[in-house]
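Asks: The structure file my_file.pdb (PDB, C-alpha atoms) is provided below.
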```pdb
ATOM      1  CA  MET M 584     101.720 102.223 166.879
ATOM      2  CA  THR M 585     100.824 103.934 163.603
ATOM      3  CA  LYS M 586     100.184 101.370 160.845
ATOM      4  CA  GLU M 587      99.294 103.706 158.004
ATOM      5  CA  PHE M 588      99.352 107.347 156.958
ATOM      6  CA  ILE M 589      97.023 109.538 154.897
ATOM      7  CA  LEU M 590      98.707 111.734 152.288
ATOM      8  CA  LEU M 591      96.858 114.998 151.738
ATOM      9  CA  GLY M 592      98.731 115.677 148.501
ATOM     10  CA  ALA M 593      96.912 118.443 146.663
ATOM     11  CA  SER M 594      93.883 118.357 148.955
ATOM     12  CA  SER M 595      94.879 121.591 150.644
ATOM     13  CA  LEU M 596      95.831 123.027 147.252
ATOM     14  CA  SER M 597      92.494 122.369 145.523
ATOM     15  CA  ILE M 598      92.936 125.276 143.107
ATOM     16  CA  ILE M 599      95.949 123.649 141.453
ATOM     17  CA  LYS M 600      94.828 120.022 141.822
ATOM     18  CA  ILE M 601      93.084 120.129 138.455
ATOM     19  CA  TRP M 602      96.406 120.567 136.631
ATOM     20  CA  VAL M 603      98.784 118.771 139.021
ATOM     21  CA  THR M 604      97.702 115.292 137.878
ATOM     22  CA  PRO M 605      98.064 115.709 134.077
ATOM     23  CA  ALA M 606     101.245 117.746 134.547
ATOM     24  CA  LEU M 607     102.803 115.036 136.714
ATOM     25  CA  LEU M 608     101.749 112.286 134.293
ATOM     26  CA  LEU M 609     103.206 114.134 131.324
ATOM     27  CA  ALA M 610     106.429 115.032 133.130
ATOM     28  CA  TYR M 611     106.920 111.476 134.421
ATOM     29  CA  SER M 612     106.336 109.907 130.996
ATOM     30  CA  PHE M 613     108.709 112.334 129.326
ATOM     31  CA  THR M 614     111.373 111.819 132.021
ATOM     32  CA  VAL M 615     111.337 108.025 131.760
ATOM     33  CA  VAL M 616     111.361 107.994 127.947
ATOM     34  CA  GLU M 617     114.201 110.471 127.498
ATOM     35  CA  ASN M 618     116.374 108.818 130.155
ATOM     36  CA  ILE M 619     115.786 105.337 128.721
ATOM     37  CA  VAL M 620     116.686 106.646 125.242
ATOM     38  CA  LEU M 621     119.916 108.094 126.615
ATOM     39  CA  ILE M 622     120.789 104.842 128.426
ATOM     40  CA  ALA M 623     120.129 102.886 125.209
ATOM     41  CA  LEU M 624     122.345 105.216 123.157
ATOM     42  CA  VAL M 625     125.214 105.023 125.649
ATOM     43  CA  THR M 626     124.899 101.219 125.692
ATOM     44  CA  VAL M 627     124.700 100.465 121.952
ATOM     45  CA  ASP M 628     126.810 103.232 120.376
ATOM     46  CA  SER M 629     130.552 102.562 120.612
ATOM     47  CA  CYS M 630     131.325 106.265 120.072
ATOM     48  CA  LEU M 631     129.728 106.986 123.461
ATOM     49  CA  HIS M 632     131.795 104.383 125.326
ATOM     50  CA  THR M 633     133.802 107.049 127.149
ATOM     51  CA  PRO M 634     133.996 107.943 130.870
ATOM     52  CA  MET M 635     131.755 110.997 130.413
ATOM     53  CA  TYR M 636     128.900 109.006 128.888
ATOM     54  CA  PHE M 637     129.512 106.086 131.257
ATOM     55  CA  PHE M 638     128.717 108.478 134.109
ATOM     56  CA  LEU M 639     125.786 109.959 132.188
ATOM     57  CA  GLY M 640     124.329 106.488 131.678
ATOM     58  CA  HIS M 641     124.373 105.851 135.423
ATOM     59  CA  PHE M 642     123.030 109.355 136.015
ATOM     60  CA  SER M 643     120.062 108.691 133.692
ATOM     61  CA  PHE M 644     119.383 105.338 135.361
ATOM     62  CA  LEU M 645     119.382 107.081 138.733
ATOM     63  CA  GLU M 646     116.958 109.740 137.454
ATOM     64  CA  CYS M 647     114.529 107.026 136.315
ATOM     65  CA  LEU M 648     114.623 105.410 139.755
ATOM     66  CA  TYR M 649     114.449 108.767 141.503
ATOM     67  CA  THR M 650     111.264 109.954 139.833
ATOM     68  CA  THR M 651     109.699 106.452 139.889
ATOM     69  CA  THR M 652     110.096 106.324 143.670
ATOM     70  CA  VAL M 653     107.657 109.216 144.047
ATOM     71  CA  ILE M 654     105.538 110.000 140.997
ATOM     72  CA  PRO M 655     103.611 106.755 140.217
ATOM     73  CA  ARG M 656     102.283 106.454 143.754
ATOM     74  CA  THR M 657     101.537 110.183 143.900
ATOM     75  CA  LEU M 658      99.535 109.852 140.675
ATOM     76  CA  TYR M 659      97.701 106.857 142.119
ATOM     77  CA  HIS M 660      96.705 108.864 145.200
ATOM     78  CA  LEU M 661      95.588 111.833 143.087
ATOM     79  CA  ILE M 662      93.588 109.818 140.547
ATOM     80  CA  SER M 663      91.974 107.237 142.848
ATOM     81  CA  ASP M 664      91.509 109.502 145.894
ATOM     82  CA  ASN M 665      92.878 106.590 147.945
ATOM     83  CA  LYS M 666      95.390 108.512 150.029
ATOM     84  CA  VAL M 667      96.358 105.704 152.422
ATOM     85  CA  ILE M 668      99.977 104.530 152.519
ATOM     86  CA  LEU M 669     101.313 101.835 154.850
ATOM     87  CA  PHE M 670     103.812 102.835 157.508
ATOM     88  CA  SER M 671     106.477 100.447 156.192
ATOM     89  CA  THR M 672     105.956 101.678 152.627
ATOM     90  CA  CYS M 673     106.262 105.273 153.798
ATOM     91  CA  ILE M 674     109.559 104.655 155.608
ATOM     92  CA  PHE M 675     110.899 102.724 152.607
ATOM     93  CA  GLN M 676     109.947 105.569 150.278
ATOM     94  CA  ILE M 677     111.779 108.066 152.517
ATOM     95  CA  TYR M 678     114.905 105.911 152.570
ATOM     96  CA  ILE M 679     115.015 105.282 148.803
ATOM     97  CA  PHE M 680     114.184 108.893 147.900
ATOM     98  CA  ILE M 681     116.915 110.375 150.104
ATOM     99  CA  SER M 682     119.417 107.655 149.124
ATOM    100  CA  LEU M 683     118.969 108.411 145.432
ATOM    101  CA  GLY M 684     119.255 112.141 146.124
ATOM    102  CA  ALA M 685     122.547 111.621 147.993
ATOM    103  CA  THR M 686     123.821 109.345 145.207
ATOM    104  CA  GLU M 687     123.018 112.065 142.673
ATOM    105  CA  CYS M 688     125.149 114.558 144.621
ATOM    106  CA  LEU M 689     128.090 112.160 144.587
ATOM    107  CA  LEU M 690     127.637 111.377 140.894
ATOM    108  CA  LEU M 691     127.571 115.088 140.071
ATOM    109  CA  ALA M 692     130.869 115.483 141.933
ATOM    110  CA  THR M 693     132.322 112.518 140.041
ATOM    111  CA  MET M 694     131.210 113.998 136.717
ATOM    112  CA  ALA M 695     132.773 117.361 137.633
ATOM    113  CA  TYR M 696     136.085 115.625 138.354
ATOM    114  CA  ASP M 697     135.824 113.831 135.003
ATOM    115  CA  ARG M 698     135.372 117.154 133.169
ATOM    116  CA  TYR M 699     138.306 118.609 135.114
ATOM    117  CA  ALA M 700     140.559 115.728 134.024
ATOM    118  CA  ALA M 701     139.370 115.971 130.399
ATOM    119  CA  ILE M 702     139.866 119.741 130.094
ATOM    120  CA  CYS M 703     142.936 120.346 132.246
ATOM    121  CA  TYR M 704     144.851 117.149 131.381
ATOM    122  CA  PRO M 705     143.637 116.128 127.896
ATOM    123  CA  LEU M 706     146.857 114.257 127.017
ATOM    124  CA  HIS M 707     146.695 112.186 130.211
ATOM    125  CA  TYR M 708     142.891 111.808 130.305
ATOM    126  CA  SER M 709     142.823 108.154 129.246
ATOM    127  CA  THR M 710     145.400 107.358 131.918
ATOM    128  CA  LEU M 711     143.683 109.352 134.669
ATOM    129  CA  MET M 712     140.166 108.074 133.944
ATOM    130  CA  LYS M 713     140.727 104.376 133.403
ATOM    131  CA  HIS M 714     137.665 102.173 133.171
ATOM    132  CA  GLN M 715     138.457 100.550 136.520
ATOM    133  CA  LEU M 716     138.591 103.952 138.231
ATOM    134  CA  CYS M 717     135.308 105.007 136.605
ATOM    135  CA  ARG M 718     133.584 101.864 137.839
ATOM    136  CA  LEU M 719     135.050 102.385 141.313
ATOM    137  CA  LEU M 720     133.855 106.012 141.470
ATOM    138  CA  VAL M 721     130.343 105.008 140.406
ATOM    139  CA  PHE M 722     130.313 102.091 142.853
ATOM    140  CA  TRP M 723     131.227 104.283 145.825
ATOM    141  CA  SER M 724     128.755 106.947 144.736
ATOM    142  CA  TRP M 725     125.935 104.401 144.959
ATOM    143  CA  ILE M 726     127.235 102.875 148.213
ATOM    144  CA  GLY M 727     127.770 106.262 149.865
ATOM    145  CA  GLY M 728     124.358 107.475 148.737
ATOM    146  CA  PHE M 729     122.525 104.472 150.174
ATOM    147  CA  LEU M 730     124.440 104.394 153.456
ATOM    148  CA  SER M 731     124.053 108.096 154.318
ATOM    149  CA  PRO M 732     120.278 108.200 155.133
ATOM    150  CA  LEU M 733     120.216 104.850 156.911
ATOM    151  CA  LEU M 734     120.449 106.256 160.453
ATOM    152  CA  PRO M 735     117.832 109.041 160.060
ATOM    153  CA  SER M 736     115.422 106.572 158.421
ATOM    154  CA  VAL M 737     115.783 104.164 161.352
ATOM    155  CA  PHE M 738     115.212 107.023 163.807
ATOM    156  CA  VAL M 739     112.048 108.123 161.972
ATOM    157  CA  SER M 740     110.684 104.573 161.964
ATOM    158  CA  GLN M 741     110.894 104.502 165.783
ATOM    159  CA  LEU M 742     108.962 107.741 166.369
ATOM    160  CA  CYS M 743     105.579 107.923 168.052
ATOM    161  CA  PHE M 744     103.118 109.933 165.931
ATOM    162  CA  CYS M 745     100.174 111.918 167.289
ATOM    163  CA  SER M 746      98.524 112.071 163.866
ATOM    164  CA  ASN M 747      98.614 109.968 160.711
ATOM    165  CA  ILE M 748      97.777 112.770 158.247
ATOM    166  CA  ILE M 749     100.810 113.862 156.188
ATOM    167  CA  ASN M 750     100.498 117.256 154.544
ATOM    168  CA  HIS M 751     102.554 116.305 151.511
ATOM    169  CA  PHE M 752     102.433 114.582 148.110
ATOM    170  CA  PHE M 753     104.706 111.758 149.314
ATOM    171  CA  CYS M 754     106.535 110.574 152.413
ATOM    172  CA  ASP M 755     109.472 112.719 153.443
ATOM    173  CA  ILE M 756     111.291 113.306 156.724
ATOM    174  CA  ALA M 757     110.211 116.930 157.281
ATOM    175  CA  PRO M 758     106.405 116.396 157.209
ATOM    176  CA  LEU M 759     106.737 113.244 159.319
ATOM    177  CA  LEU M 760     108.675 115.095 161.992
ATOM    178  CA  GLN M 761     105.763 117.548 162.234
ATOM    179  CA  LEU M 762     103.541 114.610 163.280
ATOM    180  CA  SER M 763     105.821 113.408 166.064
ATOM    181  CA  CYS M 764     104.390 113.610 169.587
ATOM    182  CA  LEU M 765     107.775 114.740 170.898
ATOM    183  CA  ARG M 766     110.263 117.096 169.318
ATOM    184  CA  ALA M 767     112.721 114.815 167.526
ATOM    185  CA  SER M 768     115.717 117.134 167.686
ATOM    186  CA  HIS M 769     118.173 114.231 167.340
ATOM    187  CA  ILE M 770     116.612 113.269 164.005
ATOM    188  CA  GLU M 771     116.614 116.852 162.751
ATOM    189  CA  LEU M 772     120.240 117.214 163.809
ATOM    190  CA  SER M 773     121.407 113.913 162.307
ATOM    191  CA  GLY M 774     119.464 114.571 159.098
ATOM    192  CA  SER M 775     120.881 118.097 158.740
ATOM    193  CA  LEU M 776     124.432 116.946 159.499
ATOM    194  CA  ILE M 777     124.334 114.064 157.012
ATOM    195  CA  SER M 778     122.625 116.165 154.335
ATOM    196  CA  SER M 779     125.108 118.978 154.882
ATOM    197  CA  ALA M 780     128.049 116.562 154.754
ATOM    198  CA  ILE M 781     126.895 115.073 151.435
ATOM    199  CA  LEU M 782     125.907 118.387 149.860
ATOM    200  CA  ILE M 783     128.890 120.415 151.039
ATOM    201  CA  SER M 784     131.588 117.780 150.413
ATOM    202  CA  SER M 785     130.335 117.048 146.903
ATOM    203  CA  PHE M 786     129.880 120.765 146.206
ATOM    204  CA  ILE M 787     133.481 121.433 147.278
ATOM    205  CA  VAL M 788     134.692 118.834 144.767
ATOM    206  CA  ILE M 789     132.550 120.472 142.074
ATOM    207  CA  ALA M 790     133.695 123.997 142.996
ATOM    208  CA  VAL M 791     137.404 123.087 143.033
ATOM    209  CA  SER M 792     137.024 121.219 139.724
ATOM    210  CA  TYR M 793     135.343 124.213 138.110
ATOM    211  CA  ILE M 794     137.921 126.665 139.400
ATOM    212  CA  GLN M 795     140.565 124.563 137.682
ATOM    213  CA  ILE M 796     138.405 124.221 134.571
ATOM    214  CA  ILE M 797     137.953 127.998 134.334
ATOM    215  CA  ARG M 798     141.706 128.438 134.606
ATOM    216  CA  GLY M 799     142.134 125.875 131.830
ATOM    217  CA  ILE M 800     139.582 127.624 129.621
ATOM    218  CA  PHE M 801     141.442 130.939 129.821
ATOM    219  CA  ILE M 802     144.624 129.431 128.393
ATOM    220  CA  MET M 803     142.857 127.677 125.499
ATOM    221  CA  THR M 804     143.726 128.925 122.025
ATOM    222  CA  SER M 805     141.328 126.837 119.917
ATOM    223  CA  LYS M 806     137.959 128.587 119.470
ATOM    224  CA  THR M 807     136.230 125.276 118.615
ATOM    225  CA  GLY M 808     137.593 123.588 121.739
ATOM    226  CA  LEU M 809     136.734 126.634 123.827
ATOM    227  CA  LYS M 810     133.140 126.646 122.576
ATOM    228  CA  LYS M 811     132.680 122.902 123.172
ATOM    229  CA  THR M 812     134.239 123.094 126.638
ATOM    230  CA  PHE M 813     132.134 126.112 127.607
ATOM    231  CA  SER M 814     128.933 124.376 126.415
ATOM    232  CA  THR M 815     129.677 121.236 128.438
ATOM    233  CA  CYS M 816     130.560 123.188 131.580
ATOM    234  CA  ILE M 817     127.489 125.421 131.380
ATOM    235  CA  SER M 818     125.258 122.335 131.091
ATOM    236  CA  HIS M 819     126.803 120.723 134.158
ATOM    237  CA  PHE M 820     126.788 123.984 136.133
ATOM    238  CA  THR M 821     123.074 124.549 135.335
ATOM    239  CA  VAL M 822     122.160 121.090 136.652
ATOM    240  CA  VAL M 823     124.281 121.647 139.763
ATOM    241  CA  CYS M 824     122.605 124.991 140.521
ATOM    242  CA  ILE M 825     119.068 123.603 140.137
ATOM    243  CA  TYR M 826     119.741 120.449 142.126
ATOM    244  CA  TYR M 827     121.853 121.882 144.931
ATOM    245  CA  GLY M 828     119.684 124.970 145.293
ATOM    246  CA  SER M 829     116.512 122.970 145.842
ATOM    247  CA  GLY M 830     118.357 120.345 147.929
ATOM    248  CA  ILE M 831     119.811 122.914 150.325
ATOM    249  CA  TYR M 832     116.426 124.627 150.591
ATOM    250  CA  MET M 833     114.670 121.345 151.404
ATOM    251  CA  TYR M 834     117.072 119.529 153.694
ATOM    252  CA  VAL M 835     119.769 121.777 155.162
ATOM    253  CA  ARG M 836     117.782 124.731 156.480
ATOM    254  CA  PRO M 837     115.637 124.333 159.653
ATOM    255  CA  ASN M 838     112.054 123.186 159.039
ATOM    256  CA  SER M 839     108.968 124.955 160.341
ATOM    257  CA  GLN M 840     105.235 124.491 160.096
ATOM    258  CA  GLU M 841     104.862 127.688 158.073
ATOM    259  CA  THR M 842     107.071 126.373 155.267
ATOM    260  CA  LEU M 843     105.285 123.054 154.678
ATOM    261  CA  GLU M 844     103.074 124.385 151.873
ATOM    262  CA  THR M 845     106.106 125.885 150.174
ATOM    263  CA  ASN M 846     108.023 122.629 150.686
ATOM    264  CA  LYS M 847     105.291 120.705 148.883
ATOM    265  CA  LEU M 848     105.735 122.758 145.736
ATOM    266  CA  VAL M 849     109.534 122.812 145.953
ATOM    267  CA  SER M 850     109.567 119.032 146.394
ATOM    268  CA  LEU M 851     107.754 118.657 143.068
ATOM    269  CA  LEU M 852     110.471 120.730 141.412
ATOM    270  CA  TYR M 853     113.063 118.625 143.214
ATOM    271  CA  ALA M 854     111.503 115.257 142.325
ATOM    272  CA  VAL M 855     110.010 115.924 138.885
ATOM    273  CA  MET M 856     111.465 118.896 137.058
ATOM    274  CA  THR M 857     115.166 118.231 137.591
ATOM    275  CA  PRO M 858     115.037 114.573 136.385
ATOM    276  CA  MET M 859     113.065 115.753 133.345
ATOM    277  CA  LEU M 860     115.373 118.659 132.476
ATOM    278  CA  ASN M 861     118.715 116.988 133.193
ATOM    279  CA  PRO M 862     118.878 114.807 130.041
ATOM    280  CA  ILE M 863     117.934 117.808 127.902
ATOM    281  CA  ILE M 864     120.493 120.075 129.538
ATOM    282  CA  TYR M 865     123.224 117.446 129.655
ATOM    283  CA  SER M 866     122.860 115.302 126.591
ATOM    284  CA  PHE M 867     120.344 116.222 123.928
ATOM    285  CA  ARG M 868     122.111 119.540 123.342
ATOM    286  CA  ASN M 869     125.307 117.539 122.835
ATOM    287  CA  ASN M 870     126.422 116.935 119.237
ATOM    288  CA  ASP M 871     127.841 113.497 120.087
ATOM    289  CA  VAL M 872     124.493 112.362 121.467
ATOM    290  CA  ILE M 873     122.575 113.840 118.531
ATOM    291  CA  LYS M 874     124.852 112.049 116.070
ATOM    292  CA  ALA M 875     124.486 108.796 118.010
ATOM    293  CA  PHE M 876     120.703 109.198 117.971
ATOM    294  CA  ASN M 877     120.737 109.751 114.188
ATOM    295  CA  ARG M 878     122.905 106.636 113.710
ATOM    296  CA  PHE M 879     120.496 104.688 115.896
ATOM    297  CA  LEU M 880     117.509 105.816 113.790
ATOM    298  CA  LYS M 881     119.286 104.963 110.524
ATOM    299  CA  ARG M 882     120.050 101.432 111.747
ATOM    300  CA  LYS M 883     116.419 100.927 112.739
ATOM    301  CA  CYS M 884     115.166 102.274 109.405
TER     302      CYS M 884
END
```
Turn this file's structure into structure tokens for me.
Replies:
Amino acid sequence: MTKEFILLGASSLSIIKIWVTPALLLAYSFTVVENIVLIALVTVDSCLHTPMYFFLGHFSFLECLYTTTVIPRTLYHLISDNKVILFSTCIFQIYIFISLGATECLLLATMAYDRYAAICYPLHYSTLMKHQLCRLLVFWSWIGGFLSPLLPSVFVSQLCFCSNIINHFFCDIAPLLQLSCLRASHIELSGSLISSAILISSFIVIAVSYIQIIRGIFIMTSKTGLKKTFSTCISHFTVVCIYYGSGIYMYVRPNSQETLETNKLVSLLYAVMTPMLNPIIYSFRNNDVIKAFNRFLKRKC
């Protein structure tokens, strides 16, 4: 039985290895700092104690966990040249990484529904999005996200591997399946079905919400409200496109040996760039967050 794996990381991409390490370190540091700042603002500023920012706080916490699951260990392997990872650690990393990705899909759907309620039913928003409902939606997003990859992770842990060399920066299902001695079609099928179910169901909620939002925007008469609504929706839609595009590319389409090198680069976008860009796209272009940040600085000064 395989007890450990060797992660090639950037070994087969030696030309870019010289800038992968500092770029990852910079991106990880920036991601953690900006998400922690956003969580702190949502926690301490009473003006941000609304459903929208309640969801954003959980979203930022998830992004911190998401990038921390992958980047610190990847940096350790790149800097120390110690590329060994234990089998149990590898399986755990797969499970946590996919769980957080699934949770993010469900949170994005929840946030789209929140924007739909706020824009299409502004007079009933406080009734529709009660604090108890918000907590329940977040709770089931986390539970659903962590239950969905349980079966594929168990299947992967029971495979027999003909090699222990993983051509990737971190442990993921696709590169591990390439090492299996037998074709694990049941794992590929279960993984694709579960990934498709999470991605498609959450995307349907987002799509339906945005269709209703667009209809609501067209009947707005206030230019200020229209501008604010359009800005919020564009931010959410940008995050959805980046996240779902890379997620579908990575996990829904069939995997092949020829696409592994491409997958390695796309996975970095998936695991690093989106958590770093999301707070900027979502929050730090938002006047409410900027005002809260200025109030926070004034209190500290």
Asks: Can you work out the spacing between atom CA of M:Glu771 and atom CA of M:Tyr853 in Å, to one decimal?
Replies: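 Straight-line distance from atom CA of M:Glu771 to atom CA of M:Tyr853 works out to 19.9 Å.
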Asks: At most 8 Å is the cut-off: for each residue in stretch 705-751 of chain M with any atom that close to an atom of stretch 772-795 of chain M, write down the nearest atom pair and the distance in Å rounded to one decimal, counting only C-alpha atoms, chain first then increasing number, as a tab-separated table.
Replies:
```
residue	atom	partner	partner_atom	distance
M:Ser731	CA	M:Ile777	CA	6.6
M:Pro732	CA	M:Ile777	CA	7.4
M:Leu734	CA	M:Ser773	CA	7.9
M:Pro735	CA	M:Gly774	CA	5.8
```
Asks: Could you tell me how far atom CA of M:Ile674 sits from atom CA of M:Gly728, in Å to one decimal place?
Replies: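 A separation of 16.6 Å between them.
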Asks: Convert the output of the PyMOL selection byres ((chain M and resi 659) around 12) on the shown file into explicit residues, formatted as a compact mmCIF listing (two decimals) with C-alpha atoms, in the coordinates of the input.
Replies:
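The resulting file, expr.txt, is shown below:
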```
# COMPACT_ATOMS: atom_id res chain seq x y z
CA LEU M 590 98.71 111.73 152.29
CA GLY M 592 98.73 115.68 148.50
CA THR M 604 97.70 115.29 137.88
CA PRO M 605 98.06 115.71 134.08
CA LEU M 607 102.80 115.04 136.71
CA LEU M 608 101.75 112.29 134.29
CA VAL M 653 107.66 109.22 144.05
CA ILE M 654 105.54 110.00 141.00
CA PRO M 655 103.61 106.76 140.22
CA ARG M 656 102.28 106.45 143.75
CA THR M 657 101.54 110.18 143.90
CA LEU M 658 99.54 109.85 140.68
CA HIS M 660 96.70 108.86 145.20
CA LEU M 661 95.59 111.83 143.09
CA ILE M 662 93.59 109.82 140.55
CA SER M 663 91.97 107.24 142.85
CA ASP M 664 91.51 109.50 145.89
CA ASN M 665 92.88 106.59 147.94
CA LYS M 666 95.39 108.51 150.03
CA VAL M 667 96.36 105.70 152.42
CA ILE M 668 99.98 104.53 152.52
CA PHE M 752 102.43 114.58 148.11
CA PHE M 753 104.71 111.76 149.31
```
Asks: Residues near M:Gln676, anyone? I mean within 9 Å using only C-alpha atoms, not counting same-chain ones fewer than 4 positions away, as number ranges by chain.
Replies: M: 652-653, 671-672, 680-681, 753-755
Asks: Every residue with an atom at most 10 Å from (113.8, 117.6, 164.0) (file coordinates; only C-alpha atoms) is what I'm after, so could you write them as a ChimeraX atom specification?
Replies: /M:739,756-757,759-761,763,765-775,837-839
Asks: Could you check the closest approach to M:Phe638 for each of M:Met712, M:Ile873, M:Leu742, M:Ile702 and tell me which residue wins, using all atoms listed in the file?
Replies: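 Residue with the minimum atom-to-atom distance to M:Phe638: M:Met712.
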Asks: At a cut-off of 7 Å, using only C-alpha atoms, what residues contact M:Gly640? Leave out same-chain residues fewer than 2 positions from it and give the result as a PyMOL selection string.
Replies: chain M and resi 621-622+625+636-638+642-644
Asks: Applied to the shown file, which residues does the PyMOL selection byres ((chain M and resi 796) around 12) return, written as a PDB file with C-alpha atoms, keeping the file's coordinate frame?
Replies:
```pdb
ATOM      1  CA  ALA M 695     132.773 117.361 137.633  1.00  0.00           C
ATOM      2  CA  TYR M 696     136.085 115.625 138.354  1.00  0.00           C
ATOM      3  CA  ASP M 697     135.824 113.831 135.003  1.00  0.00           C
ATOM      4  CA  ARG M 698     135.372 117.154 133.169  1.00  0.00           C
ATOM      5  CA  TYR M 699     138.306 118.609 135.114  1.00  0.00           C
ATOM      6  CA  ALA M 700     140.559 115.728 134.024  1.00  0.00           C
ATOM      7  CA  ALA M 701     139.370 115.971 130.399  1.00  0.00           C
ATOM      8  CA  ILE M 702     139.866 119.741 130.094  1.00  0.00           C
ATOM      9  CA  CYS M 703     142.936 120.346 132.246  1.00  0.00           C
ATOM     10  CA  TYR M 704     144.851 117.149 131.381  1.00  0.00           C
ATOM     11  CA  PRO M 705     143.637 116.128 127.896  1.00  0.00           C
ATOM     12  CA  ILE M 789     132.550 120.472 142.074  1.00  0.00           C
ATOM     13  CA  ALA M 790     133.695 123.997 142.996  1.00  0.00           C
ATOM     14  CA  VAL M 791     137.404 123.087 143.033  1.00  0.00           C
ATOM     15  CA  SER M 792     137.024 121.219 139.724  1.00  0.00           C
ATOM     16  CA  TYR M 793     135.343 124.213 138.110  1.00  0.00           C
ATOM     17  CA  ILE M 794     137.921 126.665 139.400  1.00  0.00           C
ATOM     18  CA  GLN M 795     140.565 124.563 137.682  1.00  0.00           C
ATOM     19  CA  ILE M 797     137.953 127.998 134.334  1.00  0.00           C
ATOM     20  CA  ARG M 798     141.706 128.438 134.606  1.00  0.00           C
ATOM     21  CA  GLY M 799     142.134 125.875 131.830  1.00  0.00           C
ATOM     22  CA  ILE M 800     139.582 127.624 129.621  1.00  0.00           C
ATOM     23  CA  PHE M 801     141.442 130.939 129.821  1.00  0.00           C
ATOM     24  CA  ILE M 802     144.624 129.431 128.393  1.00  0.00           C
ATOM     25  CA  MET M 803     142.857 127.677 125.499  1.00  0.00           C
ATOM     26  CA  LEU M 809     136.734 126.634 123.827  1.00  0.00           C
ATOM     27  CA  THR M 812     134.239 123.094 126.638  1.00  0.00           C
ATOM     28  CA  PHE M 813     132.134 126.112 127.607  1.00  0.00           C
ATOM     29  CA  THR M 815     129.677 121.236 128.438  1.00  0.00           C
ATOM     30  CA  CYS M 816     130.560 123.188 131.580  1.00  0.00           C
ATOM     31  CA  ILE M 817     127.489 125.421 131.380  1.00  0.00           C
ATOM     32  CA  PHE M 820     126.788 123.984 136.133  1.00  0.00           C
TER      33      PHE M 820
END
```
